[in-house]
Amino acid sequence: MFDFVIVGGGSAGCVLANRLSENGLFSVCLLEAGSDNNSPLVSTPLATMALMFTKKYNWLFDSTPQKTQQNREIYCPRGKGLGGSSAMNGMIYIRGHDKDYDRWEKEEGAKGWSFKEVLPYFKRSQHQERGETNRHGVNGPLNVSNPSRLVKFNKRFIQAGKEMGYSYNEDFNGDTQEGVGEYQFTIKKGKRHSAAAAYLTKPIKKRPNLTIITHAHASQIEWQDGRAVGVTYLDKEQTQHRVNAKKEVILSLGTFNSPQLLMLSGVGPKKELEEKGIKVNHHLPGVGKNLQEHVDIMVMRNASKKIGGPMGINLYQAIHDFPSYLKYPLFSKGMPQSHHAETGGFFKSSDDKPLPDLQWTFSPAKLNDHGRDIKALIKTGYSAHITLLRPKSRGEITLKSTSPLDAPNIDLNMLSHPEDVNDLISGLKKTRALMTAPAFEDYLSDEVYPGAGCESDAALEEYVRRKANHIYHPIGTCKMGDDHMAVVDSELKVHGLQGLRVVDASVMPSLIGGNTNAPTIMIAEKASDIILQDHA
C-alpha cells in the first residue's frame, strides 16, 4: 500500500516521483512499462537517430491510415522506459510563447495556468548554464546548455535568415520568440539529460519512501465507490500484480496511453466503451478526443560539395570526423555529443498572424522520414523542417482492443483543416527562398524536396499531403478545462471521480508554440505542488 501510485515513468512521472517523495512524508510507487534506460544508446545525444528504430526504447506506434494524407500510416515514435520520450527526443529546450499559457487561462478554462503563474515552475525545474535571469532559473534538476557548435555549416542558416530580413534571436525563451538563432538543449556534460537523468538520480532512487517498478505494464485502474484505489499491472512474464493507493492514482502515460488506460478502466465515451464490451464506470466524452500534433514538412537540398560543409554518410565524412568520435568515450566530447540540428527559428506564415505560427529546425544533413531514410543521408546535403505550431485540425485516440498490450488507434487527422494546409504552403515558399539565400550560394545544388516543377499551390498541397509528418508533440487527449469535453479540472483531477489525476502532455488544452518537453516537465512541477497542498 502506497500513498501515491504514479503510472508512467516518462517526463511527468519522473518529476512527480521526485517531488512527491521529497519531503519523506508520503510513500510513492512509480510504475514504468519499459526498462530503466540505463544505456549509452540513450545517454549519447547523436544516438537519437538509432532510437528511432529500437523497440527496447521506443513504442514504435503508427497511426491509422490517414484519409487527409493519401491513406498513409504516420509513424508515431514514443519513448519507452524511464524518462519516456525525453530519453529519445531531440532535446531542444523550448517553452512556447507567453501568450499560449495566457490563452489556456483566459479562453480554455485552465485557471491558474497563465504564463505568470507557470514561469516559476519553468525556473524551478531548470539549471540554465548561461546563468539566472528573470526568465531563467539555476540549480534546478534539468540542465539546459548551449549547442555544441561543432558543425560550422549551421551558422549559414542563421546568416541566410538575416539576409532574408529575419532578426537574430539569442534566446527563444526570452521576451521575444520571433527570429533565427541557436537552440538550447537538455544536455549535460555531453550527455542527454532526460527527465530520468535529471529527476531520478541514484540518491533519489534510494529514498526509502520511493519504489520504482520497471517492466510493469498497467492494465487497469481499480475502483471502490467511484474512487481510484489502485492499479493492476502485468510484468515481463505477463503475471498480474496490483498496487494500492491510499491517497491518489496519477496517470502519466502520455497523450496516447493515458486515455487508453482510462478507457480500458471504464472511463470515457459511453457508447465507445459499450461497443468494446467494457463496463462503464464513468461516462466522460472527452477522453481520447482533442488530439493535436505539430505538423512538419521540409525543404531538402543536395550540396554541391562535401568539404567544409554539411554532413553525409560517406568516406570523406568518416575520415574527417573520426578523431572527434574517438574523444567521446573518454571525455563525452566530440561529434556524438550532439545530433547537430542546432539552429532554427520562429516566423509567421503571413504578416497578419499575431504570433509566430511556424518553427524552423535546420539540419546540416538530408533528414527524411524521421531519419529512417538512409539513402538520403548518404549524399551530402541539408534540410529545413517547417513546423505548424497551432494547427486547427483535431484527431482522436480510440481503443483497438480491450488488451492493454495492444497499441491504441491513433487518428492524427492532420491537415483536415484547410487553414493548416495554407499556412504550411506559405511556410514552404518562405523557406525555399531562405534556402537559396547568398549564405548558401557556394553549396547550392538541386532541390530534392519539394523538387523541380513543384511550384503551384495545388502542387505544393499535394506535396504536403504526400510528405508531411509531425514533430512528436502529441497533446490534448485528456484536456484540462471546465467545458463538457474537458477530462480534468485545473488541478488535474479527473472530472466526476475521486483519487485520480492525469499529469502529462495530454492535459494541455491546446498546443503551445514550440517543443513540448519543457512544458510537460513544468506541468508536473506545478502539479506536484497542487497535490502536496491538497494532502498537507
# chains A, B, ... in the order shown; residues from 1 in each chain; ligands from 1
call {"tool": "residues_around", "arguments": {"residues": "region 138-146 of chain A", "least_positions_apart": "4", "cutoff": "6 Å", "atoms": "only C-alpha atoms", "output": "VMD selection string"}}
result
chain A and resid 124 to 129 132 184 to 186 188 198
call {"tool": "residues_around", "arguments": {"residues": "Ala245 (chain A)", "least_positions_apart": "5", "cutoff": "7 Å", "atoms": "only C-alpha atoms", "output": "MDAnalysis selection string"}}
result
chainID A and resid 1:5 229:230
call {"tool": "write_last_selection", "arguments": {"atoms": "N, CA and C atoms", "output": "short mmCIF file (atom, residue, chain, number, x, y, z; two decimals), in the first residue's frame"}}
result
data_model
loop_
_atom_site.label_atom_id
_atom_site.label_comp_id
_atom_site.auth_asym_id
_atom_site.auth_seq_id
_atom_site.Cartn_x
_atom_site.Cartn_y
_atom_site.Cartn_z
N MET A 1 0.85 -1.20 0.00
CA MET A 1 0.00 0.00 0.00
C MET A 1 0.88 1.24 0.00
N PHE A 2 0.61 2.13 -0.95
CA PHE A 2 1.36 3.37 -1.08
C PHE A 2 0.39 4.55 -0.96
N ASP A 3 0.94 5.71 -0.61
CA ASP A 3 0.11 6.92 -0.63
C ASP A 3 -0.24 7.30 -2.06
N PHE A 4 0.78 7.34 -2.93
CA PHE A 4 0.57 7.72 -4.33
C PHE A 4 1.11 6.63 -5.25
N VAL A 5 0.33 6.27 -6.25
CA VAL A 5 0.80 5.38 -7.31
C VAL A 5 0.81 6.19 -8.61
N VAL A 229 -8.44 3.36 -6.35
CA VAL A 229 -7.77 2.87 -5.14
C VAL A 229 -6.53 2.02 -5.46
N GLY A 230 -6.22 1.85 -6.73
CA GLY A 230 -5.05 1.06 -7.07
C GLY A 230 -4.94 0.84 -8.56
#
call {"tool": "residues_around", "arguments": {"residues": "Ala437 (chain A)", "least_positions_apart": "4", "cutoff": "8 Å", "atoms": "only C-alpha atoms", "output": "VMD selection string"}}
result
chain A and resid 160 163 to 164 433 441
call {"tool": "closest_residue", "arguments": {"among": "A:Arg130, A:Lys111, A:His370, A:Arg242", "to": "Gln220 (chain A)", "atoms": "only C-alpha atoms"}}
result
A:Arg242
call {"tool": "closest_residue", "arguments": {"among": "A:Gly137, A:Gly10, A:Pro519, A:Gly499", "to": "His535 (chain A)", "atoms": "only C-alpha atoms"}}
result
A:Gly499
call {"tool": "select_by_dssp", "arguments": {"residues": "region 291-483 of chain A", "states": "alpha helix (DSSP H)", "output": "PyMOL selection string"}}
result
chain A and resi 315-331+374-378+418-434+457-467
call {"tool": "closest_atom_pairs", "arguments": {"of": "region 67-92 of chain A", "to": "region 511-516 of chain A", "cutoff": "10 Å", "atoms": "only C-alpha atoms", "output": "CSV"}}
result
residue,atom,partner,partner_atom,distance
A:Gly90,CA,A:Asn515,CA,9.4
A:Met91,CA,A:Asn515,CA,9.1
A:Ile92,CA,A:Asn515,CA,7.0
call {"tool": "decode", "arguments": {"residues": "region 197-308 of chain A", "atoms": "C-alpha atoms", "output": "PDB file, in the first residue's frame"}}
result
ATOM      1  CA  ALA A 197      18.699  11.600 -15.544  1.00  0.00           C
ATOM      2  CA  ALA A 198      17.567  14.901 -14.024  1.00  0.00           C
ATOM      3  CA  TYR A 199      14.926  13.812 -11.509  1.00  0.00           C
ATOM      4  CA  LEU A 200      15.729  10.176 -10.711  1.00  0.00           C
ATOM      5  CA  THR A 201      19.419  10.255  -9.787  1.00  0.00           C
ATOM      6  CA  LYS A 202      20.847   7.443  -7.666  1.00  0.00           C
ATOM      7  CA  PRO A 203      20.278   9.170  -4.285  1.00  0.00           C
ATOM      8  CA  ILE A 204      16.647   9.850  -5.189  1.00  0.00           C
ATOM      9  CA  LYS A 205      16.082   6.265  -6.366  1.00  0.00           C
ATOM     10  CA  LYS A 206      17.363   5.072  -2.995  1.00  0.00           C
ATOM     11  CA  ARG A 207      14.827   7.050  -0.964  1.00  0.00           C
ATOM     12  CA  PRO A 208      13.127   4.553   1.371  1.00  0.00           C
ATOM     13  CA  ASN A 209       9.699   6.022   0.566  1.00  0.00           C
ATOM     14  CA  LEU A 210      10.112   5.681  -3.241  1.00  0.00           C
ATOM     15  CA  THR A 211       9.561   2.379  -5.039  1.00  0.00           C
ATOM     16  CA  ILE A 212      10.247   2.185  -8.788  1.00  0.00           C
ATOM     17  CA  ILE A 213       8.962  -0.876 -10.649  1.00  0.00           C
ATOM     18  CA  THR A 214      10.064  -1.233 -14.284  1.00  0.00           C
ATOM     19  CA  HIS A 215       8.626  -3.678 -16.844  1.00  0.00           C
ATOM     20  CA  ALA A 216       5.249  -3.012 -15.224  1.00  0.00           C
ATOM     21  CA  HIS A 217       2.608  -2.583 -17.944  1.00  0.00           C
ATOM     22  CA  ALA A 218      -0.504  -1.057 -16.384  1.00  0.00           C
ATOM     23  CA  SER A 219      -3.706  -2.847 -17.385  1.00  0.00           C
ATOM     24  CA  GLN A 220      -6.481  -1.478 -15.174  1.00  0.00           C
ATOM     25  CA  ILE A 221      -7.359   1.187 -12.621  1.00  0.00           C
ATOM     26  CA  GLU A 222      -9.030  -0.377  -9.589  1.00  0.00           C
ATOM     27  CA  TRP A 223     -12.172   1.280  -8.201  1.00  0.00           C
ATOM     28  CA  GLN A 224     -14.109   1.453  -4.981  1.00  0.00           C
ATOM     29  CA  ASP A 225     -17.308   3.536  -4.915  1.00  0.00           C
ATOM     30  CA  GLY A 226     -16.150   5.906  -7.646  1.00  0.00           C
ATOM     31  CA  ARG A 227     -12.673   6.294  -6.216  1.00  0.00           C
ATOM     32  CA  ALA A 228      -9.406   5.085  -7.755  1.00  0.00           C
ATOM     33  CA  VAL A 229      -7.767   2.869  -5.142  1.00  0.00           C
ATOM     34  CA  GLY A 230      -5.051   1.057  -7.074  1.00  0.00           C
ATOM     35  CA  VAL A 231      -3.617  -0.183 -10.345  1.00  0.00           C
ATOM     36  CA  THR A 232      -3.249  -3.653 -11.824  1.00  0.00           C
ATOM     37  CA  TYR A 233      -0.198  -4.291 -13.994  1.00  0.00           C
ATOM     38  CA  LEU A 234       1.477  -7.082 -15.951  1.00  0.00           C
ATOM     39  CA  ASP A 235       5.167  -7.920 -15.507  1.00  0.00           C
ATOM     40  CA  LYS A 236       7.573  -9.244 -18.188  1.00  0.00           C
ATOM     41  CA  GLU A 237       6.104 -12.753 -17.833  1.00  0.00           C
ATOM     42  CA  GLN A 238       2.539 -11.418 -18.140  1.00  0.00           C
ATOM     43  CA  THR A 239       1.899 -12.183 -14.482  1.00  0.00           C
ATOM     44  CA  GLN A 240      -0.668  -9.859 -12.965  1.00  0.00           C
ATOM     45  CA  HIS A 241       0.073  -7.736  -9.889  1.00  0.00           C
ATOM     46  CA  ARG A 242      -1.757  -4.993  -8.045  1.00  0.00           C
ATOM     47  CA  VAL A 243      -0.540  -1.934  -6.146  1.00  0.00           C
ATOM     48  CA  ASN A 244      -2.910   0.035  -3.930  1.00  0.00           C
ATOM     49  CA  ALA A 245      -3.068   3.783  -3.380  1.00  0.00           C
ATOM     50  CA  LYS A 246      -4.267   5.326  -0.131  1.00  0.00           C
ATOM     51  CA  LYS A 247      -4.446   8.864  -1.479  1.00  0.00           C
ATOM     52  CA  GLU A 248      -4.237   9.051  -5.286  1.00  0.00           C
ATOM     53  CA  VAL A 249      -3.569   7.274  -8.532  1.00  0.00           C
ATOM     54  CA  ILE A 250      -1.821   9.592 -11.010  1.00  0.00           C
ATOM     55  CA  LEU A 251      -1.727   8.778 -14.723  1.00  0.00           C
ATOM     56  CA  SER A 252       1.394   9.982 -16.557  1.00  0.00           C
ATOM     57  CA  LEU A 253       1.420   7.624 -19.527  1.00  0.00           C
ATOM     58  CA  GLY A 254       1.359  10.355 -22.154  1.00  0.00           C
ATOM     59  CA  THR A 255      -1.082  11.578 -24.752  1.00  0.00           C
ATOM     60  CA  PHE A 256      -1.646   8.193 -26.379  1.00  0.00           C
ATOM     61  CA  ASN A 257      -1.683   5.904 -23.360  1.00  0.00           C
ATOM     62  CA  SER A 258      -3.310   7.915 -20.554  1.00  0.00           C
ATOM     63  CA  PRO A 259      -6.661   7.981 -22.398  1.00  0.00           C
ATOM     64  CA  GLN A 260      -6.155   4.343 -23.356  1.00  0.00           C
ATOM     65  CA  LEU A 261      -5.827   3.264 -19.710  1.00  0.00           C
ATOM     66  CA  LEU A 262      -8.809   5.399 -18.723  1.00  0.00           C
ATOM     67  CA  MET A 263     -10.962   3.751 -21.386  1.00  0.00           C
ATOM     68  CA  LEU A 264      -9.727   0.252 -20.518  1.00  0.00           C
ATOM     69  CA  SER A 265     -10.775   1.079 -16.952  1.00  0.00           C
ATOM     70  CA  GLY A 266     -14.297   2.118 -17.969  1.00  0.00           C
ATOM     71  CA  VAL A 267     -13.808   5.894 -18.102  1.00  0.00           C
ATOM     72  CA  GLY A 268     -14.581   7.568 -21.412  1.00  0.00           C
ATOM     73  CA  PRO A 269     -17.286   7.942 -24.080  1.00  0.00           C
ATOM     74  CA  LYS A 270     -20.076   5.580 -23.021  1.00  0.00           C
ATOM     75  CA  LYS A 271     -21.011   4.395 -26.493  1.00  0.00           C
ATOM     76  CA  GLU A 272     -17.416   3.574 -27.480  1.00  0.00           C
ATOM     77  CA  LEU A 273     -16.809   1.631 -24.272  1.00  0.00           C
ATOM     78  CA  GLU A 274     -20.019  -0.366 -24.642  1.00  0.00           C
ATOM     79  CA  GLU A 275     -19.112  -1.244 -28.221  1.00  0.00           C
ATOM     80  CA  LYS A 276     -15.915  -2.813 -26.873  1.00  0.00           C
ATOM     81  CA  GLY A 277     -17.792  -4.663 -24.129  1.00  0.00           C
ATOM     82  CA  ILE A 278     -16.200  -2.583 -21.358  1.00  0.00           C
ATOM     83  CA  LYS A 279     -18.190  -1.867 -18.220  1.00  0.00           C
ATOM     84  CA  VAL A 280     -18.771   1.888 -17.994  1.00  0.00           C
ATOM     85  CA  ASN A 281     -17.609   3.209 -14.645  1.00  0.00           C
ATOM     86  CA  HIS A 282     -17.903   6.854 -15.627  1.00  0.00           C
ATOM     87  CA  HIS A 283     -19.126   8.500 -18.840  1.00  0.00           C
ATOM     88  CA  LEU A 284     -16.596  11.157 -19.837  1.00  0.00           C
ATOM     89  CA  PRO A 285     -16.991  12.048 -23.534  1.00  0.00           C
ATOM     90  CA  GLY A 286     -13.723  13.961 -23.928  1.00  0.00           C
ATOM     91  CA  VAL A 287     -11.390  11.064 -23.149  1.00  0.00           C
ATOM     92  CA  GLY A 288      -9.222  10.482 -26.219  1.00  0.00           C
ATOM     93  CA  LYS A 289     -10.619  13.468 -28.141  1.00  0.00           C
ATOM     94  CA  ASN A 290      -8.924  16.811 -28.937  1.00  0.00           C
ATOM     95  CA  LEU A 291      -5.709  15.152 -30.178  1.00  0.00           C
ATOM     96  CA  GLN A 292      -3.344  17.769 -31.600  1.00  0.00           C
ATOM     97  CA  GLU A 293       0.080  17.441 -33.189  1.00  0.00           C
ATOM     98  CA  HIS A 294       2.641  19.784 -34.702  1.00  0.00           C
ATOM     99  CA  VAL A 295       2.590  19.098 -38.450  1.00  0.00           C
ATOM    100  CA  ASP A 296       6.010  19.071 -40.107  1.00  0.00           C
ATOM    101  CA  ILE A 297       7.107  19.474 -43.724  1.00  0.00           C
ATOM    102  CA  MET A 298      10.588  20.064 -45.142  1.00  0.00           C
ATOM    103  CA  VAL A 299      12.696  21.628 -47.826  1.00  0.00           C
ATOM    104  CA  MET A 300      15.706  19.462 -48.679  1.00  0.00           C
ATOM    105  CA  ARG A 301      18.647  20.273 -50.942  1.00  0.00           C
ATOM    106  CA  ASN A 302      21.732  18.446 -52.160  1.00  0.00           C
ATOM    107  CA  ALA A 303      25.058  20.175 -51.612  1.00  0.00           C
ATOM    108  CA  SER A 304      27.406  20.907 -54.484  1.00  0.00           C
ATOM    109  CA  LYS A 305      30.489  19.902 -52.489  1.00  0.00           C
ATOM    110  CA  LYS A 306      31.421  17.860 -49.413  1.00  0.00           C
ATOM    111  CA  ILE A 307      34.355  19.736 -47.961  1.00  0.00           C
ATOM    112  CA  GLY A 308      33.754  22.081 -45.024  1.00  0.00           C
TER     113      GLY A 308
END
